[in-house]
file query-v1.txt (compact mmCIF, C-alpha atoms)
# COMPACT_ATOMS: atom_id res chain seq x y z
CA MET A 1 -2.94 31.43 64.55
CA GLU A 2 -3.57 33.13 61.21
CA ALA A 3 -4.45 36.41 62.94
CA LEU A 4 -1.18 36.36 64.87
CA GLN A 5 0.87 35.26 61.87
CA LYS A 6 -0.41 38.13 59.70
CA GLU A 7 1.14 40.63 62.14
CA LEU A 8 4.64 39.29 61.39
CA PRO A 9 6.91 39.57 58.33
CA SER A 10 6.60 36.69 55.86
CA GLY A 11 8.88 33.77 56.75
CA THR A 12 9.15 34.68 60.44
CA ILE A 13 7.35 31.50 61.49
CA ARG A 14 8.54 28.05 60.49
CA PHE A 15 5.69 25.60 60.99
CA SER A 16 6.20 21.86 61.70
CA SER A 17 9.68 22.55 63.10
CA LYS A 18 10.10 20.13 65.98
CA VAL A 19 13.09 20.80 68.22
CA VAL A 20 15.22 17.71 68.90
CA SER A 21 18.24 19.17 70.71
CA ILE A 22 19.94 22.37 71.82
CA GLN A 23 23.66 23.05 71.64
CA GLU A 24 25.99 25.79 72.88
CA GLU A 25 28.29 27.43 70.36
CA GLU A 26 31.67 25.67 70.46
CA SER A 27 33.50 28.99 70.26
CA GLY A 28 31.87 30.09 73.53
CA GLY A 29 29.64 32.52 71.66
CA CYS A 30 26.33 33.91 72.87
CA PHE A 31 24.05 32.04 70.45
CA LYS A 32 22.23 28.72 70.92
CA LEU A 33 22.15 26.19 68.10
CA VAL A 34 18.68 24.68 67.87
CA HIS A 35 18.59 21.38 65.95
CA LEU A 36 15.28 20.58 64.25
CA ALA A 37 13.81 17.23 63.23
CA ASN A 38 14.21 18.06 59.52
CA GLY A 39 17.98 18.34 59.98
CA SER A 40 18.21 22.12 59.86
CA VAL A 41 19.87 24.22 62.58
CA VAL A 42 18.62 27.59 63.83
CA LYS A 43 21.17 29.98 65.34
CA ALA A 44 19.22 31.76 68.11
CA LYS A 45 20.08 34.96 69.95
CA VAL A 46 17.13 34.22 72.30
CA LEU A 47 15.49 30.83 72.75
CA ILE A 48 12.02 30.66 74.33
CA GLY A 49 10.68 27.12 74.53
CA CYS A 50 6.94 27.12 73.83
CA ASP A 51 7.07 23.46 72.84
CA GLY A 52 4.37 22.13 75.12
CA VAL A 53 4.11 19.53 77.86
CA ASN A 54 6.88 17.39 76.33
CA SER A 55 9.20 20.39 75.98
CA VAL A 56 12.77 19.71 74.84
CA VAL A 57 13.76 23.19 76.03
CA SER A 58 12.42 22.69 79.58
CA LYS A 59 14.32 19.41 79.75
CA TRP A 60 17.51 21.25 78.68
CA LEU A 61 16.90 23.73 81.51
CA GLY A 62 16.69 20.85 83.98
CA LEU A 63 12.95 20.96 84.67
CA LYS A 64 11.35 17.65 85.59
CA LYS A 65 8.90 15.89 83.30
CA PRO A 66 5.26 16.83 84.07
CA THR A 67 3.45 14.41 86.38
CA PHE A 68 0.37 12.34 85.45
CA VAL A 69 -2.49 13.36 87.76
CA GLY A 70 -4.32 10.04 87.48
CA ARG A 71 -7.03 11.34 85.12
CA SER A 72 -7.50 11.33 81.36
CA ALA A 73 -9.63 13.48 79.08
CA ILE A 74 -11.54 12.54 75.94
CA ARG A 75 -12.26 15.57 73.77
CA GLY A 76 -14.37 16.03 70.67
CA PHE A 77 -15.88 18.53 68.22
CA ALA A 78 -19.46 17.94 67.08
CA ASP A 79 -20.47 19.43 63.74
CA PHE A 80 -24.26 19.62 63.54
CA LYS A 81 -24.27 20.73 59.88
CA GLY A 82 -26.73 23.41 60.97
CA SER A 83 -28.04 25.06 64.13
CA HIS A 84 -27.34 22.92 67.21
CA GLY A 85 -29.82 24.61 69.54
CA PHE A 86 -27.34 25.16 72.39
CA GLU A 87 -27.44 28.47 74.23
CA PRO A 88 -24.12 30.36 74.56
CA ARG A 89 -23.40 28.75 77.92
CA PHE A 90 -20.85 26.31 79.30
CA LEU A 91 -22.67 23.17 80.49
CA GLN A 92 -20.97 20.92 83.05
CA PHE A 93 -22.03 17.60 84.53
CA PHE A 94 -20.17 15.71 87.25
CA GLY A 95 -20.64 12.80 89.60
CA LYS A 96 -19.60 9.18 90.12
CA GLY A 97 -15.95 9.98 89.44
CA VAL A 98 -16.41 11.53 85.99
CA ARG A 99 -16.95 15.03 84.62
CA SER A 100 -18.13 16.30 81.26
CA GLY A 101 -18.55 19.71 79.66
CA PHE A 102 -20.17 21.11 76.52
CA LEU A 103 -19.47 24.52 74.96
CA PRO A 104 -20.83 25.87 71.65
CA CYS A 105 -18.10 27.34 69.40
CA ASN A 106 -20.46 28.92 66.85
CA GLU A 107 -23.92 28.26 65.41
CA ASP A 108 -23.25 24.69 64.26
CA THR A 109 -20.28 23.24 66.21
CA VAL A 110 -19.94 22.22 69.85
CA PHE A 111 -16.76 21.36 71.77
CA TRP A 112 -17.11 18.70 74.47
CA PHE A 113 -14.88 16.87 76.94
CA PHE A 114 -15.17 13.92 79.28
CA THR A 115 -12.62 13.37 82.08
CA PHE A 116 -12.29 10.10 83.98
CA THR A 117 -9.90 8.05 86.07
CA PRO A 118 -8.57 5.29 83.80
CA SER A 119 -8.04 1.73 84.92
CA THR A 120 -5.80 -0.86 83.28
CA LYS A 121 -8.76 -2.20 81.29
CA ASP A 122 -9.38 1.26 79.80
CA LYS A 123 -6.10 1.28 77.86
CA GLU A 124 -7.82 -0.03 74.73
CA VAL A 125 -10.43 2.73 75.04
CA GLU A 126 -7.74 5.45 75.06
CA GLU A 127 -6.31 4.21 71.76
CA ASN A 128 -9.54 3.64 69.81
CA PRO A 129 -11.83 6.60 68.89
CA ALA A 130 -14.84 4.32 68.36
CA LYS A 131 -14.43 2.83 71.83
CA MET A 132 -13.85 6.33 73.28
CA LYS A 133 -17.20 7.42 71.89
CA GLU A 134 -18.94 4.31 73.21
CA PHE A 135 -17.29 4.77 76.63
CA VAL A 136 -18.42 8.40 76.92
CA LEU A 137 -22.02 7.62 75.91
CA SER A 138 -22.26 4.79 78.42
CA ASN A 139 -20.91 6.92 81.28
CA LEU A 140 -22.53 10.31 80.66
CA GLY A 141 -25.34 9.59 83.09
CA LYS A 142 -28.59 11.57 83.05
CA VAL A 143 -28.02 14.45 80.63
CA PRO A 144 -30.31 16.29 78.17
CA ASP A 145 -30.90 14.59 74.82
CA LYS A 146 -29.15 17.35 72.86
CA VAL A 147 -26.03 16.87 75.02
CA LYS A 148 -25.95 13.16 74.25
CA ALA A 149 -26.60 13.95 70.59
CA ALA A 150 -23.46 16.11 70.49
CA VAL A 151 -21.37 13.04 71.31
CA GLU A 152 -23.35 10.74 69.04
CA ILE A 153 -22.84 12.84 65.89
CA THR A 154 -19.12 13.51 66.50
CA GLU A 155 -16.97 12.01 63.76
CA LEU A 156 -14.30 9.56 64.93
CA ASP A 157 -11.49 11.69 63.49
CA SER A 158 -12.71 14.55 65.73
CA ILE A 159 -12.23 12.55 68.96
CA ALA A 160 -8.97 12.30 70.89
CA CYS A 161 -7.86 11.13 74.32
CA SER A 162 -4.88 12.25 76.37
CA PRO A 163 -3.61 11.84 79.93
CA LEU A 164 -3.79 14.95 82.11
CA ARG A 165 -0.44 16.11 83.45
CA PHE A 166 0.84 19.04 85.46
CA ARG A 167 4.06 20.47 86.81
CA ARG A 168 4.28 20.24 90.57
CA PRO A 169 3.77 23.92 91.46
CA TRP A 170 6.70 24.20 93.88
CA GLU A 171 9.08 23.25 91.05
CA LEU A 172 8.56 26.76 89.64
CA PHE A 173 10.40 28.06 92.72
CA TRP A 174 13.01 25.31 93.08
CA SER A 175 14.00 24.89 89.42
CA ASN A 176 15.62 27.15 86.83
CA THR A 177 12.99 28.40 84.40
CA SER A 178 15.57 30.61 82.69
CA LYS A 179 19.26 30.16 82.03
CA GLY A 180 21.32 32.68 80.09
CA ASN A 181 19.39 33.48 76.92
CA VAL A 182 17.02 30.50 77.26
CA SER A 183 13.62 30.29 78.96
CA VAL A 184 10.23 28.62 78.54
CA ALA A 185 6.61 29.76 78.34
CA GLY A 186 3.12 28.26 78.03
CA ASP A 187 2.75 24.54 78.76
CA ALA A 188 6.52 24.14 78.68
CA LEU A 189 6.64 26.38 81.77
CA HIS A 190 3.41 25.74 83.68
CA PRO A 191 1.53 22.68 82.36
CA MET A 192 -1.74 22.37 84.26
CA THR A 193 -4.93 20.37 84.15
CA PRO A 194 -7.73 21.99 82.09
CA ASP A 195 -10.15 22.27 85.02
CA ILE A 196 -10.22 26.08 85.21
CA GLY A 197 -9.68 26.74 81.50
CA GLN A 198 -6.61 28.94 81.98
CA GLY A 199 -3.80 27.07 80.18
CA GLY A 200 -4.02 28.95 76.88
CA CYS A 201 -4.90 32.20 78.64
CA ALA A 202 -1.78 31.92 80.82
CA ALA A 203 0.34 31.41 77.68
CA LEU A 204 -1.01 34.67 76.24
CA GLU A 205 -0.15 36.40 79.52
CA ASP A 206 3.36 34.95 79.23
CA GLY A 207 3.68 36.53 75.80
CA VAL A 208 2.82 40.01 77.05
CA VAL A 209 5.15 39.81 80.06
CA LEU A 210 7.96 38.27 78.02
CA ALA A 211 7.76 40.97 75.34
CA ARG A 212 7.84 43.66 78.00
CA CYS A 213 10.83 42.13 79.78
CA LEU A 214 12.83 41.61 76.58
CA ALA A 215 11.94 44.91 74.91
CA GLU A 216 14.57 46.98 76.69
CA ALA A 217 17.29 44.37 76.17
CA LEU A 218 16.74 44.08 72.43
CA ARG A 219 15.94 47.76 71.77
CA GLU A 220 19.06 49.25 73.36
CA LYS A 221 21.70 50.32 70.84
CA PRO A 222 25.21 48.77 70.86
CA GLY A 223 27.76 50.58 73.02
CA GLY A 224 30.08 51.31 70.14
CA GLY A 225 32.79 48.85 71.20
CA THR A 226 33.91 45.68 69.41
CA GLU A 227 31.32 43.35 67.87
CA GLU A 228 32.22 40.67 70.42
CA GLY A 229 31.97 43.11 73.32
CA ASP A 230 28.64 44.50 72.15
CA GLY A 231 27.33 40.92 71.71
CA LYS A 232 28.24 39.94 75.27
CA GLU A 233 26.66 43.10 76.66
CA GLU A 234 23.45 42.38 74.79
CA TYR A 235 23.56 38.77 76.05
CA LYS A 236 23.72 40.06 79.64
CA ARG A 237 20.73 42.33 79.04
CA ILE A 238 18.78 39.43 77.56
CA GLU A 239 19.71 37.25 80.53
CA ARG A 240 18.46 39.92 82.96
CA GLY A 241 15.23 40.30 80.96
CA LEU A 242 14.53 36.55 81.03
CA LYS A 243 15.26 36.34 84.75
CA LEU A 244 12.77 39.15 85.31
CA PHE A 245 10.20 37.29 83.18
CA ALA A 246 10.72 34.04 85.11
CA ARG A 247 10.42 35.84 88.44
CA GLU A 248 7.25 37.70 87.41
CA ARG A 249 5.47 34.58 86.11
CA ARG A 250 6.52 32.20 88.90
CA TRP A 251 3.78 33.00 91.41
CA ARG A 252 1.04 33.27 88.78
CA GLY A 253 1.96 29.81 87.47
CA PHE A 254 2.00 28.40 91.01
CA VAL A 255 -1.52 29.72 91.72
CA LEU A 256 -3.00 28.51 88.42
CA ILE A 257 -1.51 25.01 88.62
CA SER A 258 -2.62 24.57 92.25
CA ALA A 259 -6.14 25.93 91.72
CA SER A 260 -6.69 23.84 88.60
CA TYR A 261 -5.57 20.65 90.31
CA MET A 262 -7.78 21.24 93.36
CA VAL A 263 -10.87 22.14 91.29
CA GLY A 264 -10.43 18.98 89.23
CA PHE A 265 -9.92 16.84 92.32
CA VAL A 266 -13.06 18.15 94.03
CA ARG A 267 -15.31 18.12 90.98
CA GLN A 268 -14.36 14.64 89.86
CA SER A 269 -14.28 13.06 93.31
CA ASN A 270 -16.29 9.92 93.96
CA GLY A 271 -16.01 10.17 97.75
CA VAL A 272 -19.15 10.69 99.83
CA VAL A 273 -17.72 13.46 102.03
CA VAL A 274 -16.07 15.42 99.21
CA ASN A 275 -19.19 15.05 97.05
CA PHE A 276 -21.36 16.44 99.84
CA LEU A 277 -19.04 19.41 100.34
CA ARG A 278 -18.85 20.01 96.60
CA ASP A 279 -22.60 19.94 96.01
CA LYS A 280 -23.83 21.60 99.22
CA VAL A 281 -21.02 23.88 100.38
CA LEU A 282 -18.41 24.58 97.71
CA ALA A 283 -20.52 25.03 94.56
CA THR A 284 -20.63 28.84 94.77
CA PHE A 285 -17.01 29.02 95.90
CA LEU A 286 -15.77 26.96 92.94
CA ALA A 287 -17.77 29.05 90.47
CA GLY A 288 -16.28 32.21 91.98
CA MET A 289 -12.78 30.74 91.80
CA LEU A 290 -13.09 30.25 88.04
CA LEU A 291 -13.92 33.92 87.58
CA LYS A 292 -11.20 35.02 89.99
CA MET A 293 -8.50 33.01 88.21
CA ALA A 294 -9.43 34.62 84.89
CA ASP A 295 -9.55 38.15 86.30
CA PHE A 296 -5.82 38.88 86.16
CA ASP A 297 -3.98 41.96 84.93
CA CYS A 298 -0.59 41.05 83.44
CA GLY A 299 0.16 44.71 82.75
CA ARG A 300 0.34 46.83 79.64
CA LEU A 301 2.54 46.14 76.65
CA SER A 302 3.86 49.63 76.03
CA ILE A 303 5.58 50.17 72.68
CA SER A 304 7.24 53.53 72.09
call {"tool": "encode", "arguments": {"input": "query-v1.txt", "output": "structure tokens"}}
result
Amino acid sequence: MEALQKELPSGTIRFSSKVVSIQEEESGGCFKLVHLANGSVVKAKVLIGCDGVNSVVSKWLGLKKPTFVGRSAIRGFADFKGSHGFEPRFLQFFGKGVRSGFLPCNEDTVFWFFTFTPSTKDKEVEENPAKMKEFVLSNLGKVPDKVKAAVEITELDSIACSPLRFRRPWELFWSNTSKGNVSVAGDALHPMTPDIGQGGCAALEDGVVLARCLAEALREKPGGGTEEGDGKEEYKRIERGLKLFARERRWRGFVLISASYMVGFVRQSNGVVVNFLRDKVLATFLAGMLLKMADFDCGRLSIS
């Protein structure tokens, strides 16, 4: 975040600015009035909702609330206070309806996750970090000692649990993902389960495509008419740019959401038939799918 922020003029980003509502200008103007939780109002020429799974902007556009997939994820960061001994590899373990993964971030910290299908009795676990830790350790199964140690040394304030949700992929075709000078990107557009590790990557792709689609609209000089006329012409160009963005990202979002859901379903299955297919037939295919999903060219961001 710091690296991205340093590329922008000071004051461009307002942190901790939660959007609570969006309003059209009463005069019929081209701006959107974005009301923030701190009481301030931002007058926006273009509004791109990157406000996550619980997006206020996507709701304003008429998109449905993301659907719970029936699984939850416990995530943690282990700080070894020194070398952890993990190789630079992503370790995964799955079976008996659960899945876990461990990935070193640097020489002394390791990120880990544990996904499971919660029952009604697990509600207390999801709200208590100490019980989350105990639950993970008791359900990890047969794993190397250093993997178990990563969970054991994780501080309670570095453990969190959240339900996994996704947007039904066909909604990207049936719903409006842009309207006038408003659109959405990232999890607000294509929330997906984390099973192929492409959520954040897809948001970065969105940024490149969005910038390319909006560049022409915002770079073109006014036509020399009245201020109101020039404003409406620019609004139309912005609208066309956002429609192009939505159209270009629709199929990519559909593929990522669908693939992520299916990979998670297969890998976390507890069924005998699916487990056999996963372990004996689909293992190579699933590994190849992860690489294929990441190998995507969203085009160049040409700036002249």
call {"tool": "residues_around", "arguments": {"input": "query-v1.txt", "residues": "range 146-161 of chain A", "least_positions_apart": "5", "cutoff": "12 Å", "atoms": "all atoms listed in the file", "output": "MDAnalysis selection string"}}
result
chainID A and resid 71:81 83:87 90:93 100:104 108:116 118 122:141
call {"tool": "atom_distance", "arguments": {"input": "query-v1.txt", "atom1": "CA of Glu216 in chain A", "atom2": "CA of Leu33 in chain A"}}
result
23.7 Å
call {"tool": "closest_residue", "arguments": {"input": "query-v1.txt", "among": "A:Gly70, A:Gly231, A:Pro169, A:Asn106", "to": "Thr120 in chain A", "atoms": "all atoms listed in the file"}}
result
A:Gly70
call {"tool": "residues_around", "arguments": {"input": "query-v1.txt", "residues": "Trp174 in chain A", "least_positions_apart": "3", "cutoff": "12 Å", "atoms": "only C-alpha atoms", "output": "list of chain:residue names"}}
result
A:Gly62, A:Leu63, A:Lys64, A:Arg167, A:Arg168, A:Pro169, A:Trp170, A:Glu171, A:Thr177, A:Ser178, A:Arg247, A:Arg250, A:Phe254
call {"tool": "atom_distance", "arguments": {"input": "query-v1.txt", "atom1": "CA of Val69 in chain A", "atom2": "CA of Met262 in chain A"}}
result
11.0 Å
